[in-house]
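K.L.:
Contents of entry12.txt (compact mmCIF, N, CA and C atoms) are given next:
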```txt
# COMPACT_ATOMS: atom_id res chain seq x y z
N MET S 833 109.25 74.83 51.01
CA MET S 833 109.16 74.81 52.44
C MET S 833 109.50 76.20 52.97
N GLU S 834 108.72 76.67 53.92
CA GLU S 834 108.89 77.99 54.49
C GLU S 834 109.94 77.95 55.60
N SER S 835 110.81 78.94 55.65
CA SER S 835 111.76 79.00 56.75
C SER S 835 111.45 80.23 57.60
N PHE S 836 111.75 80.11 58.85
CA PHE S 836 111.45 81.19 59.79
C PHE S 836 112.74 81.74 60.35
N GLU S 837 112.70 83.00 60.72
CA GLU S 837 113.85 83.63 61.36
C GLU S 837 114.02 83.02 62.76
N PRO S 838 115.24 82.87 63.22
CA PRO S 838 115.44 82.34 64.57
C PRO S 838 114.89 83.31 65.61
N VAL S 839 114.42 82.75 66.69
CA VAL S 839 113.90 83.57 67.78
C VAL S 839 115.07 84.05 68.62
N ILE S 840 115.15 85.35 68.78
CA ILE S 840 116.25 85.93 69.55
C ILE S 840 115.64 86.70 70.70
N GLY S 841 116.13 86.47 71.89
CA GLY S 841 115.61 87.17 73.05
C GLY S 841 116.70 87.41 74.07
N ASP S 842 116.38 88.26 75.00
CA ASP S 842 117.31 88.56 76.08
C ASP S 842 116.76 88.03 77.38
N TYR S 843 117.66 87.66 78.26
CA TYR S 843 117.25 87.26 79.60
C TYR S 843 117.16 88.52 80.46
N PRO S 844 116.27 88.52 81.42
CA PRO S 844 116.17 89.71 82.29
C PRO S 844 117.48 89.91 83.05
N PRO S 845 117.87 91.15 83.30
CA PRO S 845 119.14 91.40 83.97
C PRO S 845 119.12 90.99 85.45
N THR S 846 117.96 91.00 86.08
CA THR S 846 117.89 90.62 87.49
C THR S 846 117.45 89.17 87.60
N PRO S 847 117.94 88.46 88.59
CA PRO S 847 117.53 87.05 88.76
C PRO S 847 116.05 86.97 89.15
N ARG S 848 115.41 85.90 88.77
CA ARG S 848 114.01 85.68 89.11
C ARG S 848 113.90 85.16 90.53
N LEU S 849 112.77 85.46 91.15
CA LEU S 849 112.52 84.96 92.49
C LEU S 849 112.17 83.49 92.43
N PRO S 850 112.54 82.71 93.44
CA PRO S 850 112.20 81.29 93.45
C PRO S 850 110.70 81.10 93.65
N LEU S 851 110.21 79.94 93.25
CA LEU S 851 108.81 79.60 93.46
C LEU S 851 108.54 79.41 94.94
N LEU S 852 107.27 79.54 95.31
CA LEU S 852 106.88 79.30 96.70
C LEU S 852 107.00 77.82 97.03
N THR S 853 107.35 77.53 98.25
CA THR S 853 107.30 76.14 98.70
C THR S 853 105.85 75.82 99.05
N ALA S 854 105.55 74.55 99.21
CA ALA S 854 104.19 74.15 99.57
C ALA S 854 103.81 74.73 100.93
N ALA S 855 104.74 74.76 101.86
CA ALA S 855 104.47 75.31 103.19
C ALA S 855 104.16 76.81 103.10
N GLU S 856 104.90 77.53 102.29
CA GLU S 856 104.65 78.96 102.12
C GLU S 856 103.29 79.20 101.46
N ALA S 857 102.94 78.37 100.51
CA ALA S 857 101.65 78.51 99.84
C ALA S 857 100.50 78.24 100.81
N ARG S 858 100.64 77.24 101.66
CA ARG S 858 99.60 76.95 102.66
C ARG S 858 99.46 78.10 103.65
N GLU S 859 100.58 78.69 104.05
CA GLU S 859 100.53 79.83 104.96
C GLU S 859 99.84 81.02 104.30
N THR S 860 100.10 81.23 103.03
CA THR S 860 99.45 82.31 102.29
C THR S 860 97.94 82.09 102.24
N VAL S 861 97.53 80.85 102.00
CA VAL S 861 96.10 80.53 101.97
C VAL S 861 95.47 80.81 103.33
N ARG S 862 96.16 80.44 104.40
CA ARG S 862 95.63 80.72 105.75
C ARG S 862 95.45 82.22 105.97
N TYR S 863 96.43 83.01 105.53
CA TYR S 863 96.32 84.47 105.70
C TYR S 863 95.19 85.05 104.85
N LEU S 864 94.99 84.51 103.67
CA LEU S 864 93.89 84.99 102.83
C LEU S 864 92.53 84.67 103.47
N PHE S 865 92.40 83.47 104.05
CA PHE S 865 91.16 83.13 104.74
C PHE S 865 90.95 84.04 105.95
N LEU S 866 92.03 84.37 106.66
CA LEU S 866 91.93 85.28 107.79
C LEU S 866 91.50 86.67 107.33
N LEU S 867 92.07 87.12 106.23
CA LEU S 867 91.68 88.41 105.67
C LEU S 867 90.20 88.43 105.31
N GLU S 868 89.71 87.32 104.78
CA GLU S 868 88.30 87.23 104.44
C GLU S 868 87.43 87.44 105.69
N GLN S 869 87.84 86.87 106.82
CA GLN S 869 87.07 86.99 108.05
C GLN S 869 87.13 88.40 108.63
N LEU S 870 88.27 89.05 108.50
CA LEU S 870 88.46 90.36 109.11
C LEU S 870 87.96 91.52 108.24
N ASP S 871 87.97 91.34 106.94
CA ASP S 871 87.55 92.41 106.02
C ASP S 871 86.21 92.02 105.42
N LEU S 872 85.16 92.69 105.84
CA LEU S 872 83.82 92.35 105.40
C LEU S 872 83.43 93.05 104.09
N SER S 873 84.37 93.72 103.48
CA SER S 873 84.12 94.39 102.20
C SER S 873 84.25 93.38 101.06
N PRO S 874 83.95 93.80 99.85
CA PRO S 874 84.15 92.90 98.69
C PRO S 874 85.60 92.43 98.54
N ARG S 875 86.52 93.24 99.02
CA ARG S 875 87.94 92.84 98.95
C ARG S 875 88.18 91.60 99.81
N GLY S 876 87.56 91.54 100.99
CA GLY S 876 87.70 90.38 101.86
C GLY S 876 87.08 89.15 101.22
N ALA S 877 85.92 89.33 100.58
CA ALA S 877 85.28 88.21 99.89
C ALA S 877 86.16 87.71 98.75
N ALA S 878 86.82 88.63 98.05
CA ALA S 878 87.72 88.25 96.95
C ALA S 878 88.92 87.48 97.50
N ALA S 879 89.40 87.87 98.67
CA ALA S 879 90.52 87.15 99.29
C ALA S 879 90.11 85.72 99.62
N GLY S 880 88.88 85.55 100.12
CA GLY S 880 88.39 84.20 100.42
C GLY S 880 88.24 83.36 99.17
N GLN S 881 87.76 83.98 98.10
CA GLN S 881 87.61 83.25 96.83
C GLN S 881 88.98 82.81 96.31
N LEU S 882 89.94 83.71 96.37
CA LEU S 882 91.30 83.37 95.93
C LEU S 882 91.88 82.26 96.80
N ALA S 883 91.68 82.35 98.10
CA ALA S 883 92.18 81.32 99.01
C ALA S 883 91.58 79.96 98.66
N SER S 884 90.29 79.92 98.36
CA SER S 884 89.64 78.65 98.01
C SER S 884 90.23 78.07 96.73
N GLU S 885 90.43 78.93 95.74
CA GLU S 885 91.00 78.46 94.47
C GLU S 885 92.42 77.94 94.66
N LEU S 886 93.21 78.66 95.43
CA LEU S 886 94.60 78.23 95.66
C LEU S 886 94.65 76.95 96.48
N ALA S 887 93.79 76.84 97.48
CA ALA S 887 93.78 75.64 98.33
C ALA S 887 93.47 74.38 97.52
N ARG S 888 92.61 74.50 96.52
CA ARG S 888 92.30 73.33 95.68
C ARG S 888 93.49 72.90 94.83
N ARG S 889 94.40 73.81 94.57
CA ARG S 889 95.55 73.50 93.72
C ARG S 889 96.75 72.98 94.50
N LEU S 890 96.69 73.07 95.83
CA LEU S 890 97.81 72.62 96.65
C LEU S 890 97.75 71.10 96.86
N PRO S 891 98.89 70.45 96.87
CA PRO S 891 98.88 69.01 97.15
C PRO S 891 98.53 68.76 98.61
N ALA S 892 97.99 67.60 98.87
CA ALA S 892 97.66 67.23 100.25
C ALA S 892 98.95 67.12 101.06
N GLU S 893 98.87 67.42 102.33
CA GLU S 893 100.07 67.39 103.17
C GLU S 893 100.56 66.03 103.34
```
In structure tokens, write the structure found in this file.
P.N.:
Amino acid sequence: MESFEPVIGDYPPTPRLPLLTAAEARETVRYLFLLEQLDLSPRGAAAGQLASELARRLPAE
């Protein structure tokens, strides 16, 4: 039977940021859709695409 070395790692020295709340995520999606309307460049279109993808992943209110 093969044995493996134990996995040893360090934790980052700075604390991690908390996850977004559902309300914060919905607000972000609204801002991305607004950016899509205001920025007619490919960057605005990318913001709209990202907003659509994120909106599908959010739970219903």
K.L.:
Could you state the separation of atom N of S:Thr853 and atom N of S:Ala892 in Å, given to one decimal place?
P.N.:
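Computed distance, atom N of S:Thr853 to atom N of S:Ala892, equals 13.7 Å.
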K.L.:
Measuring between all atoms listed in the file, which one of S:Ile840, S:Ala878, S:Leu852, S:Leu890 shows the shortest distance to S:Leu864?
P.N.:
S:Ala878
K.L.:
Report, in Å with one decimal, the straight-line distance from atom N of S:Arg848 to atom CA of S:Ala883.
P.N.:
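Interatomic distance here is 25.8 Å.
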K.L.:
Counting only C-alpha atoms, what is within 10 Å of S:Val861, bar same-chain residues fewer than 2 positions away, as a count of residues only?
P.N.:
19
K.L.:
Identify which of the residues S:Thr860, S:Glu834, S:Asp842, S:Glu868 lies closest to S:Gln881, counting only N, CA and C atoms when measuring atom-to-atom distances.
P.N.:
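Residue with the minimum atom-to-atom distance to S:Gln881: S:Glu868.
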K.L.:
Just to confirm, what's the straight-line distance from atom N of S:Arg888 to atom C of S:Ala854 in Å (one decimal)?
P.N.:
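So the answer is 12.0 Å.
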K.L.:
Identify, with DSSP run on backbone atoms, the residues in chain S assigned to alpha helix (DSSP H), and express the list as a PyMOL selection string.
P.N.:
chain S and resi 854-870+874-889
K.L.:
Please complete stretch 848-872 of chain S so it has N, CA, C and O atoms, and hand it over as a PDB file, in the frame of the given file.
P.N.:
```pdb
ATOM      1  N   ARG S 848     115.410  85.900  88.770  1.00  0.00           N
ATOM      2  CA  ARG S 848     114.010  85.680  89.110  1.00  0.00           C
ATOM      3  C   ARG S 848     113.900  85.160  90.530  1.00  0.00           C
ATOM      4  O   ARG S 848     114.791  84.491  91.043  1.00  0.00           O
ATOM      5  N   LEU S 849     112.770  85.460  91.150  1.00  0.00           N
ATOM      6  CA  LEU S 849     112.520  84.960  92.490  1.00  0.00           C
ATOM      7  C   LEU S 849     112.170  83.490  92.430  1.00  0.00           C
ATOM      8  O   LEU S 849     111.540  83.028  91.471  1.00  0.00           O
ATOM      9  N   PRO S 850     112.540  82.710  93.440  1.00  0.00           N
ATOM     10  CA  PRO S 850     112.200  81.290  93.450  1.00  0.00           C
ATOM     11  C   PRO S 850     110.700  81.100  93.650  1.00  0.00           C
ATOM     12  O   PRO S 850     109.995  81.976  94.156  1.00  0.00           O
ATOM     13  N   LEU S 851     110.210  79.940  93.250  1.00  0.00           N
ATOM     14  CA  LEU S 851     108.810  79.600  93.460  1.00  0.00           C
ATOM     15  C   LEU S 851     108.540  79.410  94.940  1.00  0.00           C
ATOM     16  O   LEU S 851     109.438  79.146  95.726  1.00  0.00           O
ATOM     17  N   LEU S 852     107.270  79.540  95.310  1.00  0.00           N
ATOM     18  CA  LEU S 852     106.880  79.300  96.700  1.00  0.00           C
ATOM     19  C   LEU S 852     107.000  77.820  97.030  1.00  0.00           C
ATOM     20  O   LEU S 852     106.732  76.961  96.185  1.00  0.00           O
ATOM     21  N   THR S 853     107.350  77.530  98.250  1.00  0.00           N
ATOM     22  CA  THR S 853     107.300  76.140  98.700  1.00  0.00           C
ATOM     23  C   THR S 853     105.850  75.820  99.050  1.00  0.00           C
ATOM     24  O   THR S 853     105.013  76.724  99.205  1.00  0.00           O
ATOM     25  N   ALA S 854     105.550  74.550  99.210  1.00  0.00           N
ATOM     26  CA  ALA S 854     104.190  74.150  99.570  1.00  0.00           C
ATOM     27  C   ALA S 854     103.810  74.730 100.930  1.00  0.00           C
ATOM     28  O   ALA S 854     102.678  75.187 101.137  1.00  0.00           O
ATOM     29  N   ALA S 855     104.740  74.760 101.860  1.00  0.00           N
ATOM     30  CA  ALA S 855     104.470  75.310 103.190  1.00  0.00           C
ATOM     31  C   ALA S 855     104.160  76.810 103.100  1.00  0.00           C
ATOM     32  O   ALA S 855     103.248  77.305 103.767  1.00  0.00           O
ATOM     33  N   GLU S 856     104.900  77.530 102.290  1.00  0.00           N
ATOM     34  CA  GLU S 856     104.650  78.960 102.120  1.00  0.00           C
ATOM     35  C   GLU S 856     103.290  79.200 101.460  1.00  0.00           C
ATOM     36  O   GLU S 856     102.575  80.136 101.836  1.00  0.00           O
ATOM     37  N   ALA S 857     102.940  78.370 100.510  1.00  0.00           N
ATOM     38  CA  ALA S 857     101.650  78.510  99.840  1.00  0.00           C
ATOM     39  C   ALA S 857     100.500  78.240 100.810  1.00  0.00           C
ATOM     40  O   ALA S 857      99.495  78.965 100.808  1.00  0.00           O
ATOM     41  N   ARG S 858     100.640  77.240 101.660  1.00  0.00           N
ATOM     42  CA  ARG S 858      99.600  76.950 102.660  1.00  0.00           C
ATOM     43  C   ARG S 858      99.460  78.100 103.650  1.00  0.00           C
ATOM     44  O   ARG S 858      98.356  78.473 104.042  1.00  0.00           O
ATOM     45  N   GLU S 859     100.580  78.690 104.050  1.00  0.00           N
ATOM     46  CA  GLU S 859     100.530  79.830 104.960  1.00  0.00           C
ATOM     47  C   GLU S 859      99.840  81.020 104.300  1.00  0.00           C
ATOM     48  O   GLU S 859      99.042  81.715 104.930  1.00  0.00           O
ATOM     49  N   THR S 860     100.100  81.230 103.030  1.00  0.00           N
ATOM     50  CA  THR S 860      99.450  82.310 102.290  1.00  0.00           C
ATOM     51  C   THR S 860      97.940  82.090 102.240  1.00  0.00           C
ATOM     52  O   THR S 860      97.161  83.026 102.435  1.00  0.00           O
ATOM     53  N   VAL S 861      97.530  80.850 102.000  1.00  0.00           N
ATOM     54  CA  VAL S 861      96.100  80.530 101.970  1.00  0.00           C
ATOM     55  C   VAL S 861      95.470  80.810 103.330  1.00  0.00           C
ATOM     56  O   VAL S 861      94.378  81.384 103.412  1.00  0.00           O
ATOM     57  N   ARG S 862      96.160  80.440 104.400  1.00  0.00           N
ATOM     58  CA  ARG S 862      95.630  80.720 105.750  1.00  0.00           C
ATOM     59  C   ARG S 862      95.450  82.220 105.970  1.00  0.00           C
ATOM     60  O   ARG S 862      94.438  82.660 106.519  1.00  0.00           O
ATOM     61  N   TYR S 863      96.430  83.010 105.530  1.00  0.00           N
ATOM     62  CA  TYR S 863      96.320  84.470 105.700  1.00  0.00           C
ATOM     63  C   TYR S 863      95.190  85.050 104.850  1.00  0.00           C
ATOM     64  O   TYR S 863      94.507  85.982 105.271  1.00  0.00           O
ATOM     65  N   LEU S 864      94.990  84.510 103.670  1.00  0.00           N
ATOM     66  CA  LEU S 864      93.890  84.990 102.830  1.00  0.00           C
ATOM     67  C   LEU S 864      92.530  84.670 103.470  1.00  0.00           C
ATOM     68  O   LEU S 864      91.614  85.495 103.440  1.00  0.00           O
ATOM     69  N   PHE S 865      92.400  83.470 104.050  1.00  0.00           N
ATOM     70  CA  PHE S 865      91.160  83.130 104.740  1.00  0.00           C
ATOM     71  C   PHE S 865      90.950  84.040 105.950  1.00  0.00           C
ATOM     72  O   PHE S 865      89.825  84.465 106.240  1.00  0.00           O
ATOM     73  N   LEU S 866      92.030  84.370 106.660  1.00  0.00           N
ATOM     74  CA  LEU S 866      91.930  85.280 107.790  1.00  0.00           C
ATOM     75  C   LEU S 866      91.500  86.670 107.330  1.00  0.00           C
ATOM     76  O   LEU S 866      90.645  87.313 107.952  1.00  0.00           O
ATOM     77  N   LEU S 867      92.070  87.120 106.230  1.00  0.00           N
ATOM     78  CA  LEU S 867      91.680  88.410 105.670  1.00  0.00           C
ATOM     79  C   LEU S 867      90.200  88.430 105.310  1.00  0.00           C
ATOM     80  O   LEU S 867      89.512  89.432 105.541  1.00  0.00           O
ATOM     81  N   GLU S 868      89.710  87.320 104.780  1.00  0.00           N
ATOM     82  CA  GLU S 868      88.300  87.230 104.440  1.00  0.00           C
ATOM     83  C   GLU S 868      87.430  87.440 105.690  1.00  0.00           C
ATOM     84  O   GLU S 868      86.405  88.125 105.641  1.00  0.00           O
ATOM     85  N   GLN S 869      87.840  86.870 106.820  1.00  0.00           N
ATOM     86  CA  GLN S 869      87.070  86.990 108.050  1.00  0.00           C
ATOM     87  C   GLN S 869      87.130  88.400 108.630  1.00  0.00           C
ATOM     88  O   GLN S 869      86.157  88.892 109.200  1.00  0.00           O
ATOM     89  N   LEU S 870      88.270  89.050 108.500  1.00  0.00           N
ATOM     90  CA  LEU S 870      88.460  90.360 109.110  1.00  0.00           C
ATOM     91  C   LEU S 870      87.960  91.520 108.240  1.00  0.00           C
ATOM     92  O   LEU S 870      87.595  92.566 108.776  1.00  0.00           O
ATOM     93  N   ASP S 871      87.970  91.340 106.940  1.00  0.00           N
ATOM     94  CA  ASP S 871      87.550  92.410 106.020  1.00  0.00           C
ATOM     95  C   ASP S 871      86.210  92.020 105.420  1.00  0.00           C
ATOM     96  O   ASP S 871      86.115  91.133 104.586  1.00  0.00           O
ATOM     97  N   LEU S 872      85.160  92.690 105.840  1.00  0.00           N
ATOM     98  CA  LEU S 872      83.820  92.350 105.400  1.00  0.00           C
ATOM     99  C   LEU S 872      83.430  93.050 104.090  1.00  0.00           C
ATOM    100  O   LEU S 872      82.294  92.932 103.646  1.00  0.00           O
TER     101      LEU S 872
END
```
